[in-house]
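Below is query32.cif, holding mmCIF, N, CA and C atoms.
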```cif
data_target
loop_
_atom_site.group_PDB
_atom_site.id
_atom_site.type_symbol
_atom_site.label_atom_id
_atom_site.label_comp_id
_atom_site.auth_asym_id
_atom_site.auth_seq_id
_atom_site.Cartn_x
_atom_site.Cartn_y
_atom_site.Cartn_z
ATOM 1 N N MET P 1 24.922 0.834 -11.945
ATOM 2 C CA MET P 1 23.945 1.657 -12.626
ATOM 3 C C MET P 1 22.544 1.182 -12.227
ATOM 4 N N PRO P 2 21.703 2.109 -11.775
ATOM 5 C CA PRO P 2 20.350 1.719 -11.352
ATOM 6 C C PRO P 2 19.516 1.192 -12.521
ATOM 7 N N THR P 3 18.682 0.246 -12.211
ATOM 8 C CA THR P 3 17.755 -0.301 -13.204
ATOM 9 C C THR P 3 16.411 0.420 -13.072
ATOM 10 N N PRO P 4 15.501 0.256 -14.048
ATOM 11 C CA PRO P 4 14.164 0.846 -13.885
ATOM 12 C C PRO P 4 13.486 0.400 -12.594
ATOM 13 N N THR P 5 13.710 -0.842 -12.189
ATOM 14 C CA THR P 5 13.125 -1.320 -10.932
ATOM 15 C C THR P 5 13.687 -0.530 -9.756
ATOM 16 N N ASP P 6 15.003 -0.318 -9.739
ATOM 17 C CA ASP P 6 15.626 0.469 -8.675
ATOM 18 C C ASP P 6 15.066 1.886 -8.665
ATOM 19 N N ASP P 7 14.981 2.495 -9.842
ATOM 20 C CA ASP P 7 14.470 3.857 -9.947
ATOM 21 C C ASP P 7 13.009 3.946 -9.524
ATOM 22 N N ALA P 8 12.222 2.942 -9.850
ATOM 23 C CA ALA P 8 10.809 2.936 -9.474
ATOM 24 C C ALA P 8 10.644 2.820 -7.967
ATOM 25 N N ARG P 9 11.576 2.152 -7.298
ATOM 26 C CA ARG P 9 11.505 1.977 -5.843
ATOM 27 C C ARG P 9 12.039 3.181 -5.081
ATOM 28 N N ASP P 10 12.909 3.957 -5.700
ATOM 29 C CA ASP P 10 13.551 5.091 -5.035
ATOM 30 C C ASP P 10 12.641 6.310 -5.094
ATOM 31 N N PRO P 11 12.122 6.777 -3.946
ATOM 32 C CA PRO P 11 11.201 7.917 -3.970
ATOM 33 C C PRO P 11 11.861 9.232 -4.376
ATOM 34 N N HIS P 12 13.186 9.260 -4.424
ATOM 35 C CA HIS P 12 13.902 10.484 -4.766
ATOM 36 C C HIS P 12 14.615 10.399 -6.114
ATOM 37 N N SER P 13 14.320 9.366 -6.882
ATOM 38 C CA SER P 13 14.997 9.165 -8.149
ATOM 39 C C SER P 13 14.703 10.293 -9.128
ATOM 40 N N HIS P 14 15.741 10.813 -9.734
ATOM 41 C CA HIS P 14 15.592 11.833 -10.769
ATOM 42 C C HIS P 14 15.686 11.224 -12.167
ATOM 43 N N ALA P 15 15.672 9.908 -12.224
ATOM 44 C CA ALA P 15 15.687 9.235 -13.522
ATOM 45 C C ALA P 15 14.432 9.621 -14.294
ATOM 46 N N GLU P 16 14.511 9.525 -15.607
ATOM 47 C CA GLU P 16 13.356 9.822 -16.443
ATOM 48 C C GLU P 16 12.843 8.540 -17.068
ATOM 49 N N ILE P 17 11.516 8.411 -17.069
ATOM 50 C CA ILE P 17 10.912 7.244 -17.694
ATOM 51 C C ILE P 17 11.035 7.353 -19.204
ATOM 52 N N GLU P 18 10.962 6.224 -19.856
ATOM 53 C CA GLU P 18 10.981 6.164 -21.309
ATOM 54 C C GLU P 18 9.567 5.874 -21.794
ATOM 55 N N LEU P 19 9.040 6.752 -22.654
ATOM 56 C CA LEU P 19 7.696 6.568 -23.191
ATOM 57 C C LEU P 19 7.702 5.817 -24.514
ATOM 58 N N GLU P 20 8.838 5.696 -25.133
ATOM 59 C CA GLU P 20 8.984 4.986 -26.401
ATOM 60 C C GLU P 20 10.202 4.084 -26.297
ATOM 61 N N PRO P 21 10.178 2.949 -26.945
ATOM 62 C CA PRO P 21 9.079 2.294 -27.644
ATOM 63 C C PRO P 21 8.019 1.811 -26.649
ATOM 64 N N PRO P 22 6.882 1.353 -27.146
ATOM 65 C CA PRO P 22 5.791 0.920 -26.265
ATOM 66 C C PRO P 22 6.210 -0.114 -25.217
ATOM 67 N N GLU P 23 7.196 -0.933 -25.542
ATOM 68 C CA GLU P 23 7.661 -1.940 -24.593
ATOM 69 C C GLU P 23 8.302 -1.284 -23.365
ATOM 70 N N ARG P 24 9.012 -0.182 -23.561
ATOM 71 C CA ARG P 24 9.632 0.529 -22.441
ATOM 72 C C ARG P 24 8.562 1.190 -21.577
ATOM 73 N N LEU P 25 7.555 1.789 -22.228
ATOM 74 C CA LEU P 25 6.443 2.381 -21.497
ATOM 75 C C LEU P 25 5.760 1.318 -20.644
ATOM 76 N N ALA P 26 5.499 0.166 -21.232
ATOM 77 C CA ALA P 26 4.847 -0.927 -20.504
ATOM 78 C C ALA P 26 5.711 -1.407 -19.336
ATOM 79 N N ALA P 27 7.023 -1.466 -19.547
ATOM 80 C CA ALA P 27 7.924 -1.895 -18.473
ATOM 81 C C ALA P 27 7.900 -0.902 -17.316
ATOM 82 N N TRP P 28 7.971 0.382 -17.615
ATOM 83 C CA TRP P 28 7.911 1.395 -16.557
ATOM 84 C C TRP P 28 6.576 1.332 -15.841
ATOM 85 N N ALA P 29 5.485 1.194 -16.583
ATOM 86 C CA ALA P 29 4.163 1.098 -15.957
ATOM 87 C C ALA P 29 4.127 -0.092 -14.997
ATOM 88 N N HIS P 30 4.670 -1.204 -15.431
ATOM 89 C CA HIS P 30 4.721 -2.395 -14.580
ATOM 90 C C HIS P 30 5.535 -2.123 -13.318
ATOM 91 N N HIS P 31 6.715 -1.537 -13.465
ATOM 92 C CA HIS P 31 7.581 -1.255 -12.320
ATOM 93 C C HIS P 31 6.916 -0.301 -11.331
ATOM 94 N N LEU P 32 6.097 0.619 -11.850
ATOM 95 C CA LEU P 32 5.435 1.591 -10.989
ATOM 96 C C LEU P 32 4.064 1.123 -10.516
ATOM 97 N N GLY P 33 3.580 0.014 -11.056
ATOM 98 C CA GLY P 33 2.306 -0.543 -10.634
ATOM 99 C C GLY P 33 1.095 0.241 -11.115
ATOM 100 N N VAL P 34 1.197 0.813 -12.323
ATOM 101 C CA VAL P 34 0.094 1.583 -12.893
ATOM 102 C C VAL P 34 -0.132 1.150 -14.340
ATOM 103 N N THR P 35 -1.231 1.614 -14.924
ATOM 104 C CA THR P 35 -1.483 1.329 -16.332
ATOM 105 C C THR P 35 -0.623 2.244 -17.200
ATOM 106 N N THR P 36 -0.457 1.866 -18.451
ATOM 107 C CA THR P 36 0.300 2.725 -19.359
ATOM 108 C C THR P 36 -0.408 4.061 -19.545
ATOM 109 N N GLY P 37 -1.736 4.045 -19.568
ATOM 110 C CA GLY P 37 -2.492 5.284 -19.704
ATOM 111 C C GLY P 37 -2.277 6.221 -18.531
ATOM 112 N N ALA P 38 -2.273 5.671 -17.316
ATOM 113 C CA ALA P 38 -2.029 6.489 -16.125
ATOM 114 C C ALA P 38 -0.617 7.065 -16.152
ATOM 115 N N LEU P 39 0.340 6.265 -16.596
ATOM 116 C CA LEU P 39 1.721 6.718 -16.667
ATOM 117 C C LEU P 39 1.877 7.821 -17.704
ATOM 118 N N GLN P 40 1.264 7.654 -18.861
ATOM 119 C CA GLN P 40 1.328 8.688 -19.896
ATOM 120 C C GLN P 40 0.693 9.984 -19.400
ATOM 121 N N GLY P 41 -0.442 9.877 -18.723
ATOM 122 C CA GLY P 41 -1.102 11.061 -18.190
ATOM 123 C C GLY P 41 -0.254 11.783 -17.156
ATOM 124 N N ALA P 42 0.377 11.009 -16.286
ATOM 125 C CA ALA P 42 1.239 11.603 -15.269
ATOM 126 C C ALA P 42 2.442 12.283 -15.913
ATOM 127 N N ALA P 43 3.035 11.635 -16.904
ATOM 128 C CA ALA P 43 4.187 12.223 -17.589
ATOM 129 C C ALA P 43 3.792 13.519 -18.298
ATOM 130 N N LYS P 44 2.611 13.537 -18.856
ATOM 131 C CA LYS P 44 2.133 14.749 -19.522
ATOM 132 C C LYS P 44 1.916 15.867 -18.499
ATOM 133 N N ALA P 45 1.449 15.509 -17.316
ATOM 134 C CA ALA P 45 1.146 16.497 -16.286
ATOM 135 C C ALA P 45 2.397 17.063 -15.610
ATOM 136 N N VAL P 46 3.385 16.202 -15.318
ATOM 137 C CA VAL P 46 4.521 16.642 -14.499
ATOM 138 C C VAL P 46 5.887 16.396 -15.119
ATOM 139 N N GLY P 47 5.929 15.861 -16.310
ATOM 140 C CA GLY P 47 7.215 15.554 -16.931
ATOM 141 C C GLY P 47 7.591 14.102 -16.713
ATOM 142 N N ARG P 48 8.792 13.734 -17.140
ATOM 143 C CA ARG P 48 9.187 12.330 -17.155
ATOM 144 C C ARG P 48 10.010 11.879 -15.958
ATOM 145 N N ARG P 49 10.288 12.743 -14.999
ATOM 146 C CA ARG P 49 11.075 12.342 -13.835
ATOM 147 C C ARG P 49 10.292 11.398 -12.938
ATOM 148 N N VAL P 50 10.933 10.305 -12.550
ATOM 149 C CA VAL P 50 10.282 9.263 -11.748
ATOM 150 C C VAL P 50 9.734 9.812 -10.441
ATOM 151 N N ASP P 51 10.508 10.626 -9.727
ATOM 152 C CA ASP P 51 10.039 11.131 -8.434
ATOM 153 C C ASP P 51 8.777 11.966 -8.589
ATOM 154 N N ARG P 52 8.717 12.795 -9.611
ATOM 155 C CA ARG P 52 7.545 13.642 -9.819
ATOM 156 C C ARG P 52 6.337 12.825 -10.253
ATOM 157 N N ILE P 53 6.570 11.836 -11.099
ATOM 158 C CA ILE P 53 5.466 10.974 -11.544
ATOM 159 C C ILE P 53 4.888 10.216 -10.352
ATOM 160 N N LYS P 54 5.756 9.643 -9.526
ATOM 161 C CA LYS P 54 5.279 8.899 -8.363
ATOM 162 C C LYS P 54 4.497 9.809 -7.426
ATOM 163 N N ASP P 55 4.996 11.008 -7.204
ATOM 164 C CA ASP P 55 4.311 11.948 -6.330
ATOM 165 C C ASP P 55 2.945 12.323 -6.920
ATOM 166 N N HIS P 56 2.906 12.552 -8.207
ATOM 167 C CA HIS P 56 1.655 12.894 -8.885
ATOM 168 C C HIS P 56 0.642 11.752 -8.773
ATOM 169 N N LEU P 57 1.099 10.539 -9.003
ATOM 170 C CA LEU P 57 0.208 9.385 -8.969
ATOM 171 C C LEU P 57 -0.330 9.103 -7.568
ATOM 172 N N THR P 58 0.402 9.526 -6.547
ATOM 173 C CA THR P 58 -0.055 9.298 -5.179
ATOM 174 C C THR P 58 -0.715 10.533 -4.576
ATOM 175 N N GLY P 59 -0.922 11.562 -5.401
ATOM 176 C CA GLY P 59 -1.614 12.752 -4.942
ATOM 177 C C GLY P 59 -0.744 13.757 -4.235
ATOM 178 N N GLY P 60 0.575 13.621 -4.360
ATOM 179 C CA GLY P 60 1.479 14.531 -3.674
ATOM 180 C C GLY P 60 1.652 15.884 -4.345
ATOM 181 N N GLY P 61 1.392 15.962 -5.654
ATOM 182 C CA GLY P 61 1.440 17.235 -6.352
ATOM 183 C C GLY P 61 2.803 17.851 -6.507
ATOM 184 N N ALA P 62 3.816 17.079 -6.892
ATOM 185 C CA ALA P 62 5.178 17.605 -7.027
ATOM 186 C C ALA P 62 5.383 18.366 -8.335
ATOM 187 N N GLY P 63 4.367 18.515 -9.128
ATOM 188 C CA GLY P 63 4.514 19.131 -10.441
ATOM 189 C C GLY P 63 5.090 20.521 -10.427
ATOM 190 N N GLY P 64 4.943 21.249 -9.324
ATOM 191 C CA GLY P 64 5.429 22.600 -9.274
ATOM 192 C C GLY P 64 6.849 22.738 -8.760
ATOM 193 N N GLN P 65 7.535 21.655 -8.514
ATOM 194 C CA GLN P 65 8.888 21.717 -7.994
ATOM 195 C C GLN P 65 9.855 22.164 -9.072
ATOM 196 N N SER P 66 10.883 22.862 -8.636
ATOM 197 C CA SER P 66 11.934 23.234 -9.579
ATOM 198 C C SER P 66 13.036 22.199 -9.510
ATOM 199 N N ASP P 67 13.923 22.222 -10.494
ATOM 200 C CA ASP P 67 15.036 21.280 -10.519
ATOM 201 C C ASP P 67 16.133 21.672 -9.548
ATOM 202 N N GLY P 68 16.169 22.907 -9.122
ATOM 203 C CA GLY P 68 17.287 23.376 -8.329
ATOM 204 C C GLY P 68 16.992 23.356 -6.919
#
```

Go ahead and render the structure in this file as structure tokens.
Amino acid sequence: MPTPTDDARDPHSHAEIELEPPERLAAWAHHLGVTTGALQGAAKAVGRRVDRIKDHLTGGGAGGQSDG
């Protein structure tokens, strides 16, 4: 089973980040190398999927992708 670290490293991961409790948010932010505020903003913009958040944070603009 992949860990948050594995999911953060995988550019195609469809895993979803956890925003609660605050400790999980902080852990995901750490794994992704961003602040909790940046992570929350990205999740609000594109949803909780790791691949979309990473793309958003790097300026890739994956927010308009469909799941299918």

Might you pull out every residue within 6 Å of Ala15 of chain P, with only N, CA and C atoms counted and same-chain residues fewer than 6 positions away left off, and present them as a PyMOL selection string? chain P and resi 48-51

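With only N, CA and C atoms as the basis for measurement, P:Gln40 is the residue among P:Arg52, P:Gln40, P:Val34, P:Asp7 that approaches Leu19 of chain P most closely.
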
Can you list, as a ChimeraX atom specification, the residues that the PyMOL selection byres (((chain P and resi 10 and name CA) around 12) and name CA) selects here? /P:2-9,11-15,31-32,49-55

Any chance you could export the current selection's N, CA and C atoms as an mmCIF file, in the coordinates of the input?
```cif
data_model
loop_
_atom_site.group_PDB
_atom_site.id
_atom_site.type_symbol
_atom_site.label_atom_id
_atom_site.label_comp_id
_atom_site.auth_asym_id
_atom_site.auth_seq_id
_atom_site.Cartn_x
_atom_site.Cartn_y
_atom_site.Cartn_z
ATOM 1 N N PRO P 2 21.703 2.109 -11.775
ATOM 2 C CA PRO P 2 20.350 1.719 -11.352
ATOM 3 C C PRO P 2 19.516 1.192 -12.521
ATOM 4 N N THR P 3 18.682 0.246 -12.211
ATOM 5 C CA THR P 3 17.755 -0.301 -13.204
ATOM 6 C C THR P 3 16.411 0.420 -13.072
ATOM 7 N N PRO P 4 15.501 0.256 -14.048
ATOM 8 C CA PRO P 4 14.164 0.846 -13.885
ATOM 9 C C PRO P 4 13.486 0.400 -12.594
ATOM 10 N N THR P 5 13.710 -0.842 -12.189
ATOM 11 C CA THR P 5 13.125 -1.320 -10.932
ATOM 12 C C THR P 5 13.687 -0.530 -9.756
ATOM 13 N N ASP P 6 15.003 -0.318 -9.739
ATOM 14 C CA ASP P 6 15.626 0.469 -8.675
ATOM 15 C C ASP P 6 15.066 1.886 -8.665
ATOM 16 N N ASP P 7 14.981 2.495 -9.842
ATOM 17 C CA ASP P 7 14.470 3.857 -9.947
ATOM 18 C C ASP P 7 13.009 3.946 -9.524
ATOM 19 N N ALA P 8 12.222 2.942 -9.850
ATOM 20 C CA ALA P 8 10.809 2.936 -9.474
ATOM 21 C C ALA P 8 10.644 2.820 -7.967
ATOM 22 N N ARG P 9 11.576 2.152 -7.298
ATOM 23 C CA ARG P 9 11.505 1.977 -5.843
ATOM 24 C C ARG P 9 12.039 3.181 -5.081
ATOM 25 N N PRO P 11 12.122 6.777 -3.946
ATOM 26 C CA PRO P 11 11.201 7.917 -3.970
ATOM 27 C C PRO P 11 11.861 9.232 -4.376
ATOM 28 N N HIS P 12 13.186 9.260 -4.424
ATOM 29 C CA HIS P 12 13.902 10.484 -4.766
ATOM 30 C C HIS P 12 14.615 10.399 -6.114
ATOM 31 N N SER P 13 14.320 9.366 -6.882
ATOM 32 C CA SER P 13 14.997 9.165 -8.149
ATOM 33 C C SER P 13 14.703 10.293 -9.128
ATOM 34 N N HIS P 14 15.741 10.813 -9.734
ATOM 35 C CA HIS P 14 15.592 11.833 -10.769
ATOM 36 C C HIS P 14 15.686 11.224 -12.167
ATOM 37 N N ALA P 15 15.672 9.908 -12.224
ATOM 38 C CA ALA P 15 15.687 9.235 -13.522
ATOM 39 C C ALA P 15 14.432 9.621 -14.294
ATOM 40 N N HIS P 31 6.715 -1.537 -13.465
ATOM 41 C CA HIS P 31 7.581 -1.255 -12.320
ATOM 42 C C HIS P 31 6.916 -0.301 -11.331
ATOM 43 N N LEU P 32 6.097 0.619 -11.850
ATOM 44 C CA LEU P 32 5.435 1.591 -10.989
ATOM 45 C C LEU P 32 4.064 1.123 -10.516
ATOM 46 N N ARG P 49 10.288 12.743 -14.999
ATOM 47 C CA ARG P 49 11.075 12.342 -13.835
ATOM 48 C C ARG P 49 10.292 11.398 -12.938
ATOM 49 N N VAL P 50 10.933 10.305 -12.550
ATOM 50 C CA VAL P 50 10.282 9.263 -11.748
ATOM 51 C C VAL P 50 9.734 9.812 -10.441
ATOM 52 N N ASP P 51 10.508 10.626 -9.727
ATOM 53 C CA ASP P 51 10.039 11.131 -8.434
ATOM 54 C C ASP P 51 8.777 11.966 -8.589
ATOM 55 N N ARG P 52 8.717 12.795 -9.611
ATOM 56 C CA ARG P 52 7.545 13.642 -9.819
ATOM 57 C C ARG P 52 6.337 12.825 -10.253
ATOM 58 N N ILE P 53 6.570 11.836 -11.099
ATOM 59 C CA ILE P 53 5.466 10.974 -11.544
ATOM 60 C C ILE P 53 4.888 10.216 -10.352
ATOM 61 N N LYS P 54 5.756 9.643 -9.526
ATOM 62 C CA LYS P 54 5.279 8.899 -8.363
ATOM 63 C C LYS P 54 4.497 9.809 -7.426
ATOM 64 N N ASP P 55 4.996 11.008 -7.204
ATOM 65 C CA ASP P 55 4.311 11.948 -6.330
ATOM 66 C C ASP P 55 2.945 12.323 -6.920
#
```

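With atom CA of Gly59 of chain P on one side and atom CA of Leu25 of chain P on the other, the separation reads 21.1 Å.
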
Closest of P:Thr35, P:Ala42, P:Pro21, P:Ala26 to Gly60 of chain P - atom-to-atom distances counting only C-alpha atoms: P:Ala42
